[in-house]
Amino acid sequence: MLRGLWPLLGALLLISAAHAAGPARIYAAASLTTAINDAAQQWQKAGHAAPLTVYAASSTLAKQIEAGAPADLFASADLSWMDYVEKAGALRPGTRRNLLGNALVLIAPKGRAPAGIRLEAGFDLPGAFEGRLCTGEPGVVPAGIYAQEALTTLGWWEALKPRIVGTDDVRTALAFVERAECPLGIVYATDAAISDRVEIVATFPEGSHKPVVYPFALLKDASPESAAFYAFLQSPAMAATFSRYGFTPLKP
């Protein structure tokens, strides 16, 4: 019986060793795509294997991790989906950190922003434009969660709800506005900054929604390589990189 188990045990040990020596496996919110890709290039230039990256809405990634997806490091665009993964028992204890902040902005296709829009209570935003408003799926995708909070606080949610186009992630919402399929969109300031096809109409007041916070954490079976990459993401060099892309590095 034991003799028959040796090949299986050997194969499992080889798989475990390959994971330990293999590249970091990163599951990150779509809005982090550009910055994490830059970090991955820096990491590779330092002699490490290129990290394997998966980008999507934090909600999608959290559910994939819960279902057993092979991730080592999770970077969420809000606290609630990191809470979800933590409650599922998937995080390595003591590794969760709130690393970055961001701002929520209203955008329009370049050169086509409606005039006079103000993001303040009492202004009639629903009456200030025609057509749809794109953002992440409200109640699910973090950008949509923040957007719904802000629109509710400012008194526009009920009027705009039928006109909302909820997308799978924030980068998809950005793409809709770039193509002028939506005359307005709500995304993060960092997403607007990477596109020369949109312009920021206005920034939502901080008090209109919960702070945009990006928690990072290792998963419980993360490899040493992934732990090292995570430490690199928390370094002063990477704080400068994140700042260059418009994120706000947060102090521990």
# chains A, B, ... in the order shown; residues from 1 in each chain; ligands from 1
>>> closest_atom_pairs(of="stretch 27-141 of chain A", to="stretch 180-201 of chain A", cutoff="10 Å", atoms="only C-alpha atoms", output="CSV")
residue,atom,partner,partner_atom,distance
A:Ala30,CA,A:Asp191,CA,9.5
A:Ser31,CA,A:Asp191,CA,6.4
A:Leu32,CA,A:Thr190,CA,8.6
A:Thr33,CA,A:Asp191,CA,9.5
A:Thr34,CA,A:Ile194,CA,8.3
A:Ala35,CA,A:Thr190,CA,9.5
A:Asn102,CA,A:Tyr188,CA,6.6
A:Ala103,CA,A:Ala189,CA,5.4
A:Leu104,CA,A:Tyr188,CA,4.6
A:Val105,CA,A:Ile186,CA,5.7
A:Leu106,CA,A:Ile186,CA,4.7
A:Ile107,CA,A:Ile200,CA,4.5
A:Ala108,CA,A:Leu184,CA,4.7
A:Pro109,CA,A:Val198,CA,4.3
A:Lys110,CA,A:Val198,CA,4.3
A:Gly111,CA,A:Glu199,CA,7.4
A:Arg112,CA,A:Pro183,CA,7.8
A:Ala113,CA,A:Val201,CA,6.5
A:Pro114,CA,A:Val201,CA,8.1
A:Ala115,CA,A:Val201,CA,8.8
A:Gly116,CA,A:Val201,CA,9.3
A:Ile117,CA,A:Val201,CA,7.4
A:Arg118,CA,A:Val201,CA,8.6
A:Leu119,CA,A:Val201,CA,9.3
A:Phe129,CA,A:Pro183,CA,7.8
A:Glu130,CA,A:Pro183,CA,7.6
A:Gly131,CA,A:Pro183,CA,6.6
A:Arg132,CA,A:Cys182,CA,5.3
A:Leu133,CA,A:Leu184,CA,5.0
A:Cys134,CA,A:Gly185,CA,4.4
A:Thr135,CA,A:Ile186,CA,5.0
A:Gly136,CA,A:Val187,CA,7.8
>>> residues_around(residues="stretch 66-74 of chain A", least_positions_apart="4", cutoff="9 Å", atoms="only C-alpha atoms", output="PDB file with C-alpha atoms, in the first residue's frame")
ATOM      1  CA  ALA A  24       4.523  35.195  -7.327  1.00  0.00           C
ATOM      2  CA  ARG A  25       0.838  34.838  -8.216  1.00  0.00           C
ATOM      3  CA  ILE A  26      -0.926  38.180  -7.831  1.00  0.00           C
ATOM      4  CA  TYR A  27      -4.690  38.779  -7.873  1.00  0.00           C
ATOM      5  CA  ALA A  28      -5.209  42.543  -8.015  1.00  0.00           C
ATOM      6  CA  ALA A  29      -8.044  45.001  -8.562  1.00  0.00           C
ATOM      7  CA  VAL A  54      -4.665  38.409 -12.728  1.00  0.00           C
ATOM      8  CA  SER A  58     -12.157  42.869  -6.448  1.00  0.00           C
ATOM      9  CA  LEU A  61     -11.189  37.943  -7.495  1.00  0.00           C
ATOM     10  CA  ALA A  62     -12.454  37.470  -3.938  1.00  0.00           C
ATOM     11  CA  MET A  82     -10.793  41.835   1.653  1.00  0.00           C
ATOM     12  CA  TYR A  84     -14.906  38.650   2.569  1.00  0.00           C
ATOM     13  CA  VAL A  85     -11.682  36.740   1.846  1.00  0.00           C
ATOM     14  CA  ALA A  88     -13.412  32.717   4.326  1.00  0.00           C
ATOM     15  CA  GLY A  89     -10.185  31.880   6.183  1.00  0.00           C
ATOM     16  CA  ALA A  90      -7.995  32.398   3.116  1.00  0.00           C
ATOM     17  CA  LEU A  91      -5.596  35.072   4.420  1.00  0.00           C
ATOM     18  CA  PRO A 215      -5.879  46.570   1.390  1.00  0.00           C
ATOM     19  CA  PHE A 216      -3.249  43.979   0.413  1.00  0.00           C
ATOM     20  CA  ALA A 217      -2.652  40.584   2.054  1.00  0.00           C
ATOM     21  CA  LEU A 218      -0.874  37.304   1.486  1.00  0.00           C
ATOM     22  CA  LEU A 219      -2.985  34.203   1.088  1.00  0.00           C
ATOM     23  CA  LYS A 220      -2.401  31.427   3.600  1.00  0.00           C
ATOM     24  CA  ASP A 221      -0.373  29.208   1.224  1.00  0.00           C
ATOM     25  CA  ALA A 222       1.670  32.025  -0.328  1.00  0.00           C
ATOM     26  CA  SER A 223       5.165  31.108  -1.456  1.00  0.00           C
ATOM     27  CA  SER A 226       5.350  35.994  -3.137  1.00  0.00           C
ATOM     28  CA  ALA A 227       6.126  37.150   0.402  1.00  0.00           C
ATOM     29  CA  TYR A 230       4.824  41.737  -1.172  1.00  0.00           C
TER      30      TYR A 230
END
>>> closest_residue(among="A:Glu120, A:Glu225, A:Asp83, A:Glu178", to="A:Pro51", atoms="only C-alpha atoms")
A:Glu225
>>> closest_residue(among="A:Lys87, A:Ala228, A:Thr241, A:Thr153", to="A:His48", atoms="only C-alpha atoms")
A:Ala228
>>> closest_residue(among="A:Ala147, A:Leu79, A:Ala239, A:Ala49", to="A:Phe204", atoms="only C-alpha atoms")
A:Ala147
>>> closest_residue(among="A:Ala159, A:Ala50, A:Ala173, A:Ala57", to="A:Gly22", atoms="only C-alpha atoms")
A:Ala50
>>> select_by_dssp(residues="stretch 34-251 of chain A", states="strand (DSSP E)", output="number ranges by chain")
A: 52-56, 73-75, 97-102, 104-109, 133-136, 164-167, 184-188, 198-203, 212-218, 248-249
>>> residues_around(residues="A:Pro138", least_positions_apart="5", cutoff="8 Å", atoms="only C-alpha atoms", output="compact mmCIF listing (two decimals) with N, CA and C atoms, in the first residue's frame")
# COMPACT_ATOMS: atom_id res chain seq x y z
N ALA A 143 -15.64 50.33 -7.34
CA ALA A 143 -15.89 51.65 -7.91
C ALA A 143 -17.38 51.97 -7.91
N GLY A 144 -18.19 50.95 -8.20
CA GLY A 144 -19.64 51.15 -8.19
C GLY A 144 -20.19 51.34 -6.79
N ILE A 145 -19.58 50.68 -5.83
CA ILE A 145 -19.99 50.85 -4.42
C ILE A 145 -19.73 52.29 -3.98
N ALA A 147 -19.32 54.85 -5.95
CA ALA A 147 -20.14 55.75 -6.77
C ALA A 147 -21.57 55.84 -6.21
N GLN A 148 -22.13 54.70 -5.84
CA GLN A 148 -23.48 54.71 -5.29
C GLN A 148 -23.52 55.50 -3.99
N GLY A 166 -23.67 49.57 -15.19
CA GLY A 166 -22.74 48.92 -14.27
C GLY A 166 -21.86 47.93 -15.02
>>> residues_around(residues="stretch 232-236 of chain A", least_positions_apart="6", cutoff="9 Å", atoms="only C-alpha atoms", output="list in words")
Ile36, Ala39, Trp43 and Leu99 of chain A
>>> residues_around(residues="A:Gly122", least_positions_apart="6", cutoff="10 Å", atoms="only C-alpha atoms", output="list in words")
Leu154, Gly155 and Trp156 of chain A
>>> write_last_selection(atoms="all heavy atoms", output="PDB file, in the first residue's frame")
ATOM      1  N   LEU A 154     -25.157  62.898  -2.234  1.00  0.00           N
ATOM      2  CA  LEU A 154     -25.405  64.168  -2.907  1.00  0.00           C
ATOM      3  C   LEU A 154     -26.833  64.292  -3.431  1.00  0.00           C
ATOM      4  O   LEU A 154     -27.194  65.316  -4.016  1.00  0.00           O
ATOM      5  CB  LEU A 154     -24.400  64.347  -4.047  1.00  0.00           C
ATOM      6  CG  LEU A 154     -22.937  64.478  -3.574  1.00  0.00           C
ATOM      7  CD1 LEU A 154     -21.979  64.432  -4.757  1.00  0.00           C
ATOM      8  CD2 LEU A 154     -22.736  65.757  -2.778  1.00  0.00           C
ATOM      9  N   GLY A 155     -27.638  63.239  -3.219  1.00  0.00           N
ATOM     10  CA  GLY A 155     -29.051  63.309  -3.547  1.00  0.00           C
ATOM     11  C   GLY A 155     -29.430  62.986  -4.978  1.00  0.00           C
ATOM     12  O   GLY A 155     -30.534  63.324  -5.419  1.00  0.00           O
ATOM     13  N   TRP A 156     -28.573  62.266  -5.705  1.00  0.00           N
ATOM     14  CA  TRP A 156     -28.811  62.008  -7.129  1.00  0.00           C
ATOM     15  C   TRP A 156     -29.077  60.548  -7.458  1.00  0.00           C
ATOM     16  O   TRP A 156     -29.386  60.224  -8.611  1.00  0.00           O
ATOM     17  CB  TRP A 156     -27.598  62.473  -7.944  1.00  0.00           C
ATOM     18  CG  TRP A 156     -27.238  63.907  -7.754  1.00  0.00           C
ATOM     19  CD1 TRP A 156     -28.093  64.951  -7.563  1.00  0.00           C
ATOM     20  CD2 TRP A 156     -25.917  64.459  -7.730  1.00  0.00           C
ATOM     21  NE1 TRP A 156     -27.400  66.124  -7.433  1.00  0.00           N
ATOM     22  CE2 TRP A 156     -26.060  65.862  -7.534  1.00  0.00           C
ATOM     23  CE3 TRP A 156     -24.642  63.930  -7.865  1.00  0.00           C
ATOM     24  CZ2 TRP A 156     -24.970  66.716  -7.456  1.00  0.00           C
ATOM     25  CZ3 TRP A 156     -23.547  64.779  -7.798  1.00  0.00           C
ATOM     26  CH2 TRP A 156     -23.710  66.156  -7.590  1.00  0.00           C
TER      27      TRP A 156
END
>>> closest_residue(among="A:Glu158, A:Phe242, A:Thr152, A:Tyr55", to="A:Arg171", atoms="only C-alpha atoms")
A:Tyr55
>>> residues_around(residues="A:His209", least_positions_apart="5", cutoff="6 Å", atoms="only C-alpha atoms", output="JSON, numbers by chain")
{"A": [146, 149, 150]}
>>> select_by_dssp(residues="stretch 26-197 of chain A", states="helix (DSSP H, G or I)", output="count of residues only")
70
>>> atom_distance(atom1="atom CA of A:Thr203", atom2="atom CA of A:Lys251")
23.2 Å
>>> closest_residue(among="A:Ala202, A:Tyr214, A:Gly139, A:Lys63", to="A:Leu125", atoms="only C-alpha atoms")
A:Ala202
>>> atom_distance(atom1="atom CA of A:Val212", atom2="atom CA of A:Ser80")
11.3 Å
>>> atom_distance(atom1="atom CA of A:Pro23", atom2="atom CA of A:Thr53")
9.8 Å
